[in-house]
Amino acid sequence: MQNTTKEQLSIFPELDSVTCPNVSTEVAAFYLNRRPQTLRKWACFEDGPIRPIRICGRLAWPVADLKLLLSGGNNE
């Protein structure tokens, strides 16, 4: 896992303790250690390792897919 500071842990809890089914682009980018714009590009071109869902025009990234990707599983 990436090095996290105490402040980051208060904003972003460990992924295993996230109870929401989906997270925002900024939160997903933190867990994937990528910039939010990278995830937006993945969504736009549909070429990333995971795909978001759209809720009222906003991107939402499934937590289950994030966990699978981070554990080395293939989402396809």
# chains A, B, ... in the order shown; residues from 1 in each chain; ligands from 1

call {"tool": "residues_around", "arguments": {"residues": "Pro52 (chain A)", "least_positions_apart": "4", "cutoff": "8 Å", "atoms": "only C-alpha atoms", "output": "JSON, numbers by chain"}}
result
{"A": [43, 59, 60, 61, 62]}

call {"tool": "write_last_selection", "arguments": {"atoms": "C-alpha atoms", "output": "short mmCIF file (atom, residue, chain, number, x, y, z; two decimals), in the first residue's frame"}}
result
data_model
loop_
_atom_site.label_atom_id
_atom_site.label_comp_id
_atom_site.auth_asym_id
_atom_site.auth_seq_id
_atom_site.Cartn_x
_atom_site.Cartn_y
_atom_site.Cartn_z
CA ALA A 43 -13.87 7.01 -18.57
CA LEU A 59 -18.63 9.44 -12.54
CA ALA A 60 -18.83 6.89 -9.74
CA TRP A 61 -16.21 4.18 -9.37
CA PRO A 62 -17.35 0.82 -7.96
#

call {"tool": "closest_residue", "arguments": {"among": "A:Thr38, A:Asn33, A:Ser71, A:Asn22", "to": "Ile53 (chain A)", "atoms": "only C-alpha atoms"}}
result
A:Asn22

call {"tool": "closest_residue", "arguments": {"among": "A:Arg58, A:Trp42, A:Ile50, A:Ile11", "to": "Val27 (chain A)", "atoms": "only C-alpha atoms"}}
result
A:Ile11

call {"tool": "atom_distance", "arguments": {"atom1": "CA of Arg51 (chain A)", "atom2": "CA of Cys20 (chain A)"}}
result
16.8 Å

call {"tool": "closest_residue", "arguments": {"among": "A:Val63, A:Leu68, A:Ile55, A:Gly73", "to": "Ala28 (chain A)", "atoms": "only C-alpha atoms"}}
result
A:Val63

call {"tool": "select_by_dssp", "arguments": {"residues": "chain A", "states": "helix (DSSP H, G or I)", "output": "ChimeraX atom specification"}}
result
/A:6-11,15-17,25-32,36-45,63-70

call {"tool": "write_last_selection", "arguments": {"atoms": "N, CA and C atoms", "output": "mmCIF file, in the first residue's frame"}}
result
data_model
loop_
_atom_site.group_PDB
_atom_site.id
_atom_site.type_symbol
_atom_site.label_atom_id
_atom_site.label_comp_id
_atom_site.auth_asym_id
_atom_site.auth_seq_id
_atom_site.Cartn_x
_atom_site.Cartn_y
_atom_site.Cartn_z
ATOM 1 N N LYS A 6 -1.295 10.768 8.377
ATOM 2 C CA LYS A 6 -2.438 10.724 9.299
ATOM 3 C C LYS A 6 -3.599 11.553 8.756
ATOM 4 N N GLU A 7 -3.275 12.692 8.137
ATOM 5 C CA GLU A 7 -4.319 13.550 7.572
ATOM 6 C C GLU A 7 -5.047 12.845 6.430
ATOM 7 N N GLN A 8 -4.299 12.149 5.568
ATOM 8 C CA GLN A 8 -4.929 11.438 4.461
ATOM 9 C C GLN A 8 -5.836 10.325 4.973
ATOM 10 N N LEU A 9 -5.424 9.644 6.042
ATOM 11 C CA LEU A 9 -6.251 8.566 6.580
ATOM 12 C C LEU A 9 -7.549 9.085 7.167
ATOM 13 N N SER A 10 -7.542 10.326 7.647
ATOM 14 C CA SER A 10 -8.789 10.876 8.159
ATOM 15 C C SER A 10 -9.741 11.237 7.019
ATOM 16 N N ILE A 11 -9.175 11.589 5.864
ATOM 17 C CA ILE A 11 -9.995 11.921 4.698
ATOM 18 C C ILE A 11 -10.341 10.659 3.918
ATOM 19 N N LEU A 15 -9.302 1.240 2.188
ATOM 20 C CA LEU A 15 -10.312 0.838 1.207
ATOM 21 C C LEU A 15 -11.193 -0.288 1.741
ATOM 22 N N ASP A 16 -10.636 -1.177 2.545
ATOM 23 C CA ASP A 16 -11.429 -2.282 3.087
ATOM 24 C C ASP A 16 -12.539 -1.812 4.024
ATOM 25 N N SER A 17 -12.395 -0.607 4.572
ATOM 26 C CA SER A 17 -13.420 -0.110 5.493
ATOM 27 C C SER A 17 -14.445 0.805 4.819
ATOM 28 N N THR A 25 -14.465 10.270 -8.268
ATOM 29 C CA THR A 25 -13.222 10.184 -9.031
ATOM 30 C C THR A 25 -12.023 10.540 -8.174
ATOM 31 N N GLU A 26 -12.139 11.561 -7.351
ATOM 32 C CA GLU A 26 -11.017 11.982 -6.516
ATOM 33 C C GLU A 26 -10.632 10.899 -5.517
ATOM 34 N N VAL A 27 -11.611 10.251 -4.937
ATOM 35 C CA VAL A 27 -11.350 9.195 -3.963
ATOM 36 C C VAL A 27 -10.732 7.978 -4.667
ATOM 37 N N ALA A 28 -11.305 7.580 -5.797
ATOM 38 C CA ALA A 28 -10.761 6.442 -6.549
ATOM 39 C C ALA A 28 -9.322 6.720 -6.979
ATOM 40 N N ALA A 29 -9.050 7.948 -7.399
ATOM 41 C CA ALA A 29 -7.690 8.311 -7.819
ATOM 42 C C ALA A 29 -6.711 8.173 -6.659
ATOM 43 N N PHE A 30 -7.133 8.539 -5.463
ATOM 44 C CA PHE A 30 -6.265 8.392 -4.295
ATOM 45 C C PHE A 30 -5.911 6.923 -4.087
ATOM 46 N N TYR A 31 -6.904 6.049 -4.085
ATOM 47 C CA TYR A 31 -6.646 4.636 -3.835
ATOM 48 C C TYR A 31 -5.797 4.002 -4.938
ATOM 49 N N LEU A 32 -5.955 4.465 -6.173
ATOM 50 C CA LEU A 32 -5.189 3.910 -7.292
ATOM 51 C C LEU A 32 -3.847 4.604 -7.491
ATOM 52 N N PRO A 36 -6.779 12.393 -10.658
ATOM 53 C CA PRO A 36 -8.188 12.295 -11.061
ATOM 54 C C PRO A 36 -8.381 12.432 -12.569
ATOM 55 N N GLN A 37 -7.569 13.264 -13.203
ATOM 56 C CA GLN A 37 -7.713 13.452 -14.651
ATOM 57 C C GLN A 37 -7.422 12.160 -15.417
ATOM 58 N N THR A 38 -6.538 11.327 -14.883
ATOM 59 C CA THR A 38 -6.251 10.037 -15.522
ATOM 60 C C THR A 38 -7.502 9.173 -15.524
ATOM 61 N N LEU A 39 -8.219 9.151 -14.407
ATOM 62 C CA LEU A 39 -9.440 8.360 -14.341
ATOM 63 C C LEU A 39 -10.520 8.923 -15.255
ATOM 64 N N ARG A 40 -10.571 10.240 -15.357
ATOM 65 C CA ARG A 40 -11.543 10.849 -16.287
ATOM 66 C C ARG A 40 -11.227 10.462 -17.722
ATOM 67 N N LYS A 41 -9.943 10.387 -18.052
ATOM 68 C CA LYS A 41 -9.532 9.960 -19.395
ATOM 69 C C LYS A 41 -9.952 8.512 -19.634
ATOM 70 N N TRP A 42 -9.732 7.652 -18.623
ATOM 71 C CA TRP A 42 -10.159 6.264 -18.749
ATOM 72 C C TRP A 42 -11.650 6.185 -19.045
ATOM 73 N N ALA A 43 -12.423 7.025 -18.372
ATOM 74 C CA ALA A 43 -13.874 7.012 -18.569
ATOM 75 C C ALA A 43 -14.242 7.519 -19.958
ATOM 76 N N CYS A 44 -13.569 8.561 -20.397
ATOM 77 C CA CYS A 44 -13.877 9.167 -21.696
ATOM 78 C C CYS A 44 -13.553 8.226 -22.851
ATOM 79 N N PHE A 45 -12.360 7.633 -22.808
ATOM 80 C CA PHE A 45 -11.914 6.776 -23.902
ATOM 81 C C PHE A 45 -12.249 5.308 -23.683
ATOM 82 N N VAL A 63 -16.464 0.376 -5.754
ATOM 83 C CA VAL A 63 -15.455 -0.007 -4.767
ATOM 84 C C VAL A 63 -15.019 -1.455 -4.988
ATOM 85 N N ALA A 64 -15.942 -2.328 -5.345
ATOM 86 C CA ALA A 64 -15.591 -3.730 -5.586
ATOM 87 C C ALA A 64 -14.573 -3.849 -6.721
ATOM 88 N N ASP A 65 -14.736 -3.034 -7.773
ATOM 89 C CA ASP A 65 -13.790 -3.057 -8.889
ATOM 90 C C ASP A 65 -12.431 -2.509 -8.477
ATOM 91 N N LEU A 66 -12.429 -1.477 -7.623
ATOM 92 C CA LEU A 66 -11.158 -0.940 -7.123
ATOM 93 C C LEU A 66 -10.420 -1.997 -6.312
ATOM 94 N N LYS A 67 -11.135 -2.685 -5.430
ATOM 95 C CA LYS A 67 -10.519 -3.722 -4.607
ATOM 96 C C LYS A 67 -9.966 -4.844 -5.476
ATOM 97 N N LEU A 68 -10.729 -5.247 -6.488
ATOM 98 C CA LEU A 68 -10.288 -6.309 -7.390
ATOM 99 C C LEU A 68 -9.027 -5.895 -8.139
ATOM 100 N N LEU A 69 -9.004 -4.682 -8.644
ATOM 101 C CA LEU A 69 -7.842 -4.192 -9.372
ATOM 102 C C LEU A 69 -6.615 -4.127 -8.473
ATOM 103 N N LEU A 70 -6.782 -3.610 -7.259
ATOM 104 C CA LEU A 70 -5.664 -3.477 -6.340
ATOM 105 C C LEU A 70 -5.158 -4.807 -5.805
#

call {"tool": "select_by_dssp", "arguments": {"residues": "chain A", "states": "strand (DSSP E or B)", "output": "PyMOL selection string"}}
result
chain A and resi 22-23+53-55+58-62

call {"tool": "write_last_selection", "arguments": {"atoms": "C-alpha atoms", "output": "PDB file, in the first residue's frame"}}
result
ATOM      1  CA  ASN A  22     -19.206   3.638  -5.259  1.00  0.00           C
ATOM      2  CA  VAL A  23     -16.729   6.473  -4.705  1.00  0.00           C
ATOM      3  CA  ILE A  53     -20.793   4.129 -13.777  1.00  0.00           C
ATOM      4  CA  ARG A  54     -22.538   7.436 -14.342  1.00  0.00           C
ATOM      5  CA  ILE A  55     -24.952   8.753 -11.764  1.00  0.00           C
ATOM      6  CA  ARG A  58     -21.182  12.222 -12.602  1.00  0.00           C
ATOM      7  CA  LEU A  59     -18.627   9.436 -12.541  1.00  0.00           C
ATOM      8  CA  ALA A  60     -18.827   6.892  -9.742  1.00  0.00           C
ATOM      9  CA  TRP A  61     -16.206   4.181  -9.370  1.00  0.00           C
ATOM     10  CA  PRO A  62     -17.354   0.817  -7.959  1.00  0.00           C
TER      11      PRO A  62
END
